[in-house]
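Q: Supplied in structure tokens, the structure appears directly below.
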Amino acid sequence: VETDGGPLHCRALILAPGTRHRPLGLEGEEALTGQGVSYCAVCDGPFYQGRDTAIVGGGDTALQEALFLSGVCRRVTLIHRRLEFRGSPKLAERVRTRDNIRLLLGYTPQALLQAEGRLTGLRVRQASTGQTLELPLDGVFAAVGRVPGTAPFRAQLELDEEGYFRSGEDCRTRLPGVFVAGDCRAKEVRQLATAVGDGAVAGLAAALPWLVGIYQEYSRDPVVLRFADMILAVVCAVLALYFAASFAFRHPRPRLCLFFSLMGIVLNLEALANG
């Protein structure tokens, strides 16, 4: 694996690059991130208490964040490029009933307005008429999806239409020894619990060939086999003494005690003979 610190050599590789928030793609967006542009209403919404904000998006995330901000901000403008929301109808209905949420459907963001390094507003354009509006705002929240961090591996691994790794539930890829885990993998549900599960599955799948190789290597070593026989002999001797004593003192199951006692003696004799 080629890294910034030089090449790394390994027998198995687990890729978990995750995802990042999809940007709006507007000029100056990166510089204004944290200065009026945000991607998480729950994280940054309280900083805009009593102010005017806007959310760009039309899915469940955008609707949920609009509802959250409506309880914090003075006014929230929800901007969506389509005339209908893609999110849950129940969420959409709740958004429409909030007095301080303004809907701009069929509009797309065109430019971020700023002064002295801080956001002052957003210019939007109506798709059907071409009309533009300038909205005075203190904050803009982008909720237009996420981008998987799979681009560096596009040439080696198979991706789906949205850029996520294709793999089975065992987290294996078409490249032997390479596994993928977390939100970067193509799947229906992306949550913390599913990412943790992927990590466990990929870790076990990556380690299994190594563990099998160790077993096969040491199982042919006579010194290791003799040591294992000695350990087994000691364990069986302890069990034999325990069950023999239990049998002598009228254990409720004397036949079971007698069986294990005889087995322990036989295994001890075999280990001593091999040793």
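Here, A, B, ... name the chains of the structure tokens in the order displayed, residue numbers run from 1 inside each chain, and ligands are numbered from 1 in the same displayed order.
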Near Ala155 of chain A, within 12 Å and counting only C-alpha atoms, which residues show up once chain neighbours fewer than 6 positions away are dropped, as an mmCIF file with C-alpha atoms, in the first residue's frame?
A:
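Listing of around.cif after writing:
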data_model
loop_
_atom_site.group_PDB
_atom_site.id
_atom_site.type_symbol
_atom_site.label_atom_id
_atom_site.label_comp_id
_atom_site.auth_asym_id
_atom_site.auth_seq_id
_atom_site.Cartn_x
_atom_site.Cartn_y
_atom_site.Cartn_z
ATOM 1 C CA GLY A 163 -19.084 5.436 -5.712
ATOM 2 C CA PHE A 165 -17.396 -0.247 -2.627
ATOM 3 C CA LEU A 175 -9.195 -8.319 -4.946
#
Q: Any idea what's packed within 7 Å of segment 64-79 of chain A, counting only C-alpha atoms, ignoring anything in its chain fewer than 2 positions away? Could you give it as a compact mmCIF listing (two decimals) with all heavy atoms, in the first residue's frame?
A:
# COMPACT_ATOMS: atom_id res chain seq x y z
N ALA A 41 -26.75 20.49 11.48
CA ALA A 41 -27.59 21.42 12.24
C ALA A 41 -27.55 21.10 13.73
O ALA A 41 -27.56 22.01 14.56
CB ALA A 41 -29.02 21.36 11.72
N GLY A 45 -26.22 24.20 15.06
CA GLY A 45 -27.45 24.97 15.15
C GLY A 45 -27.55 25.89 16.35
O GLY A 45 -27.98 27.05 16.23
N PRO A 46 -27.14 25.46 17.56
CA PRO A 46 -27.25 26.34 18.73
C PRO A 46 -26.46 27.63 18.61
O PRO A 46 -26.76 28.60 19.32
CB PRO A 46 -26.69 25.45 19.86
CG PRO A 46 -26.99 24.05 19.42
CD PRO A 46 -26.81 24.06 17.93
N TYR A 48 -26.70 29.60 16.25
CA TYR A 48 -27.54 30.53 15.49
C TYR A 48 -28.87 30.77 16.19
O TYR A 48 -29.89 30.98 15.56
CB TYR A 48 -27.77 29.95 14.08
CG TYR A 48 -26.49 29.81 13.29
CD1 TYR A 48 -25.76 28.61 13.33
CD2 TYR A 48 -25.99 30.86 12.54
CE1 TYR A 48 -24.58 28.48 12.63
CE2 TYR A 48 -24.80 30.73 11.84
CZ TYR A 48 -24.10 29.54 11.89
OH TYR A 48 -22.92 29.42 11.20
N GLN A 49 -28.81 30.78 17.50
CA GLN A 49 -30.00 31.04 18.31
C GLN A 49 -30.59 32.41 17.96
O GLN A 49 -29.92 33.43 18.01
CB GLN A 49 -29.63 31.01 19.79
CG GLN A 49 -30.78 31.31 20.74
CD GLN A 49 -31.69 30.12 20.93
OE1 GLN A 49 -31.24 28.98 20.97
NE2 GLN A 49 -32.98 30.37 21.05
N GLY A 50 -31.87 32.40 17.54
CA GLY A 50 -32.56 33.65 17.23
C GLY A 50 -32.13 34.31 15.93
O GLY A 50 -32.48 35.47 15.70
N ARG A 51 -31.43 33.59 15.06
CA ARG A 51 -30.96 34.16 13.79
C ARG A 51 -31.68 33.53 12.61
O ARG A 51 -32.48 32.61 12.76
CB ARG A 51 -29.44 33.97 13.66
CG ARG A 51 -28.65 34.64 14.77
CD ARG A 51 -27.17 34.51 14.52
NE ARG A 51 -26.38 35.17 15.55
CZ ARG A 51 -25.06 35.27 15.53
NH1 ARG A 51 -24.37 34.73 14.52
NH2 ARG A 51 -24.42 35.89 16.50
N ASP A 52 -31.34 34.03 11.41
CA ASP A 52 -31.95 33.52 10.17
C ASP A 52 -30.98 32.56 9.48
O ASP A 52 -29.82 32.90 9.26
CB ASP A 52 -32.28 34.68 9.22
CG ASP A 52 -33.35 35.61 9.79
OD1 ASP A 52 -34.11 35.15 10.66
OD2 ASP A 52 -33.41 36.78 9.37
N THR A 53 -31.49 31.38 9.15
CA THR A 53 -30.66 30.36 8.52
C THR A 53 -31.40 29.74 7.34
O THR A 53 -32.60 29.95 7.17
CB THR A 53 -30.27 29.25 9.52
OG1 THR A 53 -31.47 28.64 10.01
CG2 THR A 53 -29.46 29.80 10.67
N ALA A 54 -30.67 28.97 6.56
CA ALA A 54 -31.25 28.24 5.43
C ALA A 54 -30.67 26.84 5.38
O ALA A 54 -29.54 26.61 5.80
CB ALA A 54 -30.99 28.96 4.11
N ILE A 55 -31.46 25.91 4.87
CA ILE A 55 -31.01 24.54 4.66
C ILE A 55 -31.22 24.21 3.19
O ILE A 55 -32.28 24.50 2.62
CB ILE A 55 -31.81 23.55 5.53
CG1 ILE A 55 -31.57 23.84 7.01
CG2 ILE A 55 -31.41 22.11 5.21
CD1 ILE A 55 -32.34 22.94 7.92
N VAL A 56 -30.21 23.58 2.60
CA VAL A 56 -30.29 23.16 1.20
C VAL A 56 -30.41 21.65 1.16
O VAL A 56 -29.53 20.94 1.65
CB VAL A 56 -29.07 23.63 0.39
CG1 VAL A 56 -29.21 23.20 -1.06
CG2 VAL A 56 -28.91 25.14 0.49
N GLY A 57 -31.50 21.14 0.59
CA GLY A 57 -31.71 19.70 0.51
C GLY A 57 -33.18 19.37 0.56
O GLY A 57 -34.01 20.22 0.90
N ASP A 60 -34.67 13.22 3.97
CA ASP A 60 -35.02 13.13 5.38
C ASP A 60 -34.10 13.97 6.26
O ASP A 60 -34.54 14.61 7.22
CB ASP A 60 -34.96 11.67 5.85
CG ASP A 60 -36.18 10.88 5.40
OD1 ASP A 60 -37.16 11.50 4.96
OD2 ASP A 60 -36.13 9.64 5.49
N THR A 61 -32.81 13.97 5.93
CA THR A 61 -31.86 14.74 6.73
C THR A 61 -32.19 16.22 6.70
O THR A 61 -32.20 16.90 7.74
CB THR A 61 -30.42 14.51 6.22
OG1 THR A 61 -30.10 13.13 6.33
CG2 THR A 61 -29.43 15.32 7.03
N ALA A 62 -32.47 16.75 5.51
CA ALA A 62 -32.80 18.18 5.39
C ALA A 62 -34.09 18.50 6.15
O ALA A 62 -34.17 19.53 6.84
CB ALA A 62 -32.95 18.55 3.92
N ARG A 81 -34.26 21.80 -4.90
CA ARG A 81 -34.26 22.01 -6.35
C ARG A 81 -35.49 21.44 -7.02
O ARG A 81 -35.84 21.84 -8.14
CB ARG A 81 -33.02 21.37 -6.96
CG ARG A 81 -32.90 19.88 -6.72
CD ARG A 81 -31.66 19.30 -7.34
NE ARG A 81 -31.52 17.87 -7.07
CZ ARG A 81 -30.58 17.11 -7.58
NH1 ARG A 81 -29.68 17.66 -8.40
NH2 ARG A 81 -30.52 15.83 -7.28
N VAL A 95 -42.92 19.84 8.48
CA VAL A 95 -42.19 21.04 8.06
C VAL A 95 -43.17 22.11 7.57
O VAL A 95 -43.02 23.30 7.89
CB VAL A 95 -41.17 20.67 6.96
CG1 VAL A 95 -40.65 21.93 6.27
CG2 VAL A 95 -40.01 19.88 7.57
N ASN A 100 -42.33 29.23 11.24
CA ASN A 100 -41.09 29.94 10.95
C ASN A 100 -40.21 29.22 9.93
O ASN A 100 -39.02 29.51 9.82
CB ASN A 100 -40.30 30.19 12.23
CG ASN A 100 -39.87 28.90 12.91
OD1 ASN A 100 -40.48 27.85 12.71
ND2 ASN A 100 -38.82 28.98 13.72
N ILE A 101 -40.79 28.26 9.19
CA ILE A 101 -40.05 27.60 8.10
C ILE A 101 -40.63 28.07 6.77
O ILE A 101 -41.82 27.91 6.50
CB ILE A 101 -40.15 26.06 8.20
CG1 ILE A 101 -39.48 25.56 9.47
CG2 ILE A 101 -39.48 25.41 6.98
CD1 ILE A 101 -39.49 24.05 9.62
N ARG A 102 -39.78 28.65 5.95
CA ARG A 102 -40.17 29.12 4.61
C ARG A 102 -39.66 28.13 3.57
O ARG A 102 -38.51 27.70 3.63
CB ARG A 102 -39.56 30.49 4.36
CG ARG A 102 -39.79 31.06 2.97
CD ARG A 102 -38.95 32.30 2.77
NE ARG A 102 -39.13 32.90 1.46
CZ ARG A 102 -38.38 33.90 0.99
NH1 ARG A 102 -37.38 34.39 1.74
NH2 ARG A 102 -38.61 34.41 -0.20
N LEU A 103 -40.51 27.75 2.65
CA LEU A 103 -40.15 26.78 1.62
C LEU A 103 -39.86 27.48 0.30
O LEU A 103 -40.66 28.29 -0.17
CB LEU A 103 -41.27 25.76 1.43
CG LEU A 103 -41.69 24.94 2.65
CD1 LEU A 103 -42.79 23.96 2.28
CD2 LEU A 103 -40.49 24.20 3.25
N LEU A 104 -38.70 27.15 -0.28
CA LEU A 104 -38.36 27.60 -1.63
C LEU A 104 -38.13 26.35 -2.48
O LEU A 104 -37.01 25.83 -2.57
CB LEU A 104 -37.11 28.49 -1.61
CG LEU A 104 -37.26 29.90 -1.05
CD1 LEU A 104 -35.95 30.66 -1.15
CD2 LEU A 104 -38.36 30.67 -1.78
N LEU A 105 -39.21 25.85 -3.09
CA LEU A 105 -39.14 24.63 -3.90
C LEU A 105 -38.89 25.00 -5.35
O LEU A 105 -39.44 25.98 -5.87
CB LEU A 105 -40.43 23.83 -3.76
CG LEU A 105 -40.77 23.38 -2.33
CD1 LEU A 105 -42.08 22.59 -2.32
CD2 LEU A 105 -39.65 22.57 -1.72
N TYR A 107 -35.85 25.76 -6.42
CA TYR A 107 -34.75 26.73 -6.39
C TYR A 107 -33.43 26.00 -6.16
O TYR A 107 -33.37 24.97 -5.47
CB TYR A 107 -34.94 27.76 -5.29
CG TYR A 107 -35.97 28.82 -5.59
CD1 TYR A 107 -37.32 28.57 -5.44
CD2 TYR A 107 -35.57 30.10 -6.01
CE1 TYR A 107 -38.27 29.55 -5.70
CE2 TYR A 107 -36.51 31.09 -6.28
CZ TYR A 107 -37.86 30.81 -6.13
OH TYR A 107 -38.79 31.78 -6.39
Q: Could you tell me how far atom CA of Val196 of chain A lies from atom CA of Gly149 of chain A, in Å and to one decimal?
A: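 Here the two named atoms are 17.7 Å from each other.
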Q: Excluding Arg20 of chain A and any residue of its chain fewer than 3 positions from it, enumerate the residues within 12 Å of it, using only C-alpha atoms, and give them as a list in words.
A: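 The filter keeps Pro17, Pro23, Tyr39, Cys40, Ala142, Ala143, Val144, Gly145, Arg146, Val147, Pro148, Gly149, Thr150, Asp183 and Cys184 of chain A.
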Q: Could you turn the residues from that selection into a file that holds C-alpha atoms, as an mmCIF file, in the first residue's frame?
A:
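Heads up, here's the output in again-v3.cif:
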data_model
loop_
_atom_site.group_PDB
_atom_site.id
_atom_site.type_symbol
_atom_site.label_atom_id
_atom_site.label_comp_id
_atom_site.auth_asym_id
_atom_site.auth_seq_id
_atom_site.Cartn_x
_atom_site.Cartn_y
_atom_site.Cartn_z
ATOM 1 C CA PRO A 17 -12.282 5.536 4.383
ATOM 2 C CA PRO A 23 -20.502 20.194 -0.554
ATOM 3 C CA TYR A 39 -23.099 20.547 7.380
ATOM 4 C CA CYS A 40 -24.640 19.551 10.731
ATOM 5 C CA ALA A 142 -25.951 21.842 3.433
ATOM 6 C CA ALA A 143 -27.887 18.558 3.560
ATOM 7 C CA VAL A 144 -27.396 17.239 0.037
ATOM 8 C CA GLY A 145 -26.021 13.789 0.802
ATOM 9 C CA ARG A 146 -22.627 12.280 1.430
ATOM 10 C CA VAL A 147 -19.596 11.361 -0.687
ATOM 11 C CA PRO A 148 -17.673 8.112 -0.039
ATOM 12 C CA GLY A 149 -13.910 8.377 0.303
ATOM 13 C CA THR A 150 -13.293 5.663 -2.282
ATOM 14 C CA ASP A 183 -20.151 3.539 5.475
ATOM 15 C CA CYS A 184 -17.898 3.286 2.403
#
Q: Report as a list in words all protein, DNA and RNA residues lying within 6 Å of segment 110-124 of chain A, evaluated on only C-alpha atoms, omitting residues in the same chain fewer than 3 positions from it.
A: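 The filter keeps Leu26, Gln35, Gly36, Thr132, Leu133, Glu134, Leu135, Pro136, Leu137 and Asp138 of chain A.
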Q: Write out as an mmCIF file with C-alpha atoms, in the first residue's frame which residues come within 12 Å of Val1 of chain A when counting only C-alpha atoms, dropping same-chain ones fewer than 2 positions away.
A:
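File written: part.cif
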data_model
loop_
_atom_site.group_PDB
_atom_site.id
_atom_site.type_symbol
_atom_site.label_atom_id
_atom_site.label_comp_id
_atom_site.auth_asym_id
_atom_site.auth_seq_id
_atom_site.Cartn_x
_atom_site.Cartn_y
_atom_site.Cartn_z
ATOM 1 C CA THR A 3 0.976 6.010 1.718
ATOM 2 C CA ASP A 4 2.277 9.503 2.428
ATOM 3 C CA GLY A 5 4.798 7.934 4.778
ATOM 4 C CA GLY A 6 6.014 5.374 2.275
ATOM 5 C CA PRO A 7 4.939 1.891 1.179
ATOM 6 C CA LEU A 8 3.439 -0.568 3.672
ATOM 7 C CA HIS A 9 3.585 -4.330 3.131
ATOM 8 C CA CYS A 10 0.814 -6.568 4.466
ATOM 9 C CA ARG A 11 -0.943 -9.860 3.820
ATOM 10 C CA ALA A 12 -4.431 -8.382 4.296
ATOM 11 C CA LEU A 13 -5.861 -4.883 4.026
ATOM 12 C CA ILE A 14 -9.068 -3.432 5.495
ATOM 13 C CA LEU A 15 -10.246 -0.195 3.883
ATOM 14 C CA PRO A 152 -8.129 6.652 -4.510
ATOM 15 C CA PHE A 153 -9.140 3.016 -5.027
ATOM 16 C CA GLN A 156 -8.376 -1.356 -8.276
ATOM 17 C CA VAL A 178 -8.625 -6.656 0.514
#
Q: As JSON, numbers by chain, which residues of segment 40-218 of chain A does DSSP assign to strand (DSSP E or B)?
A: {"A": [52, 53, 54, 55, 56, 75, 76, 77, 78, 79, 80, 101, 102, 103, 104, 105, 107, 108, 109, 110, 111, 112, 113, 114, 115, 118, 119, 120, 121, 122, 123, 124, 125, 126, 132, 133, 134, 135, 136, 139, 140, 141, 142, 146, 147, 148, 159, 165, 172, 178, 179, 180, 185]}
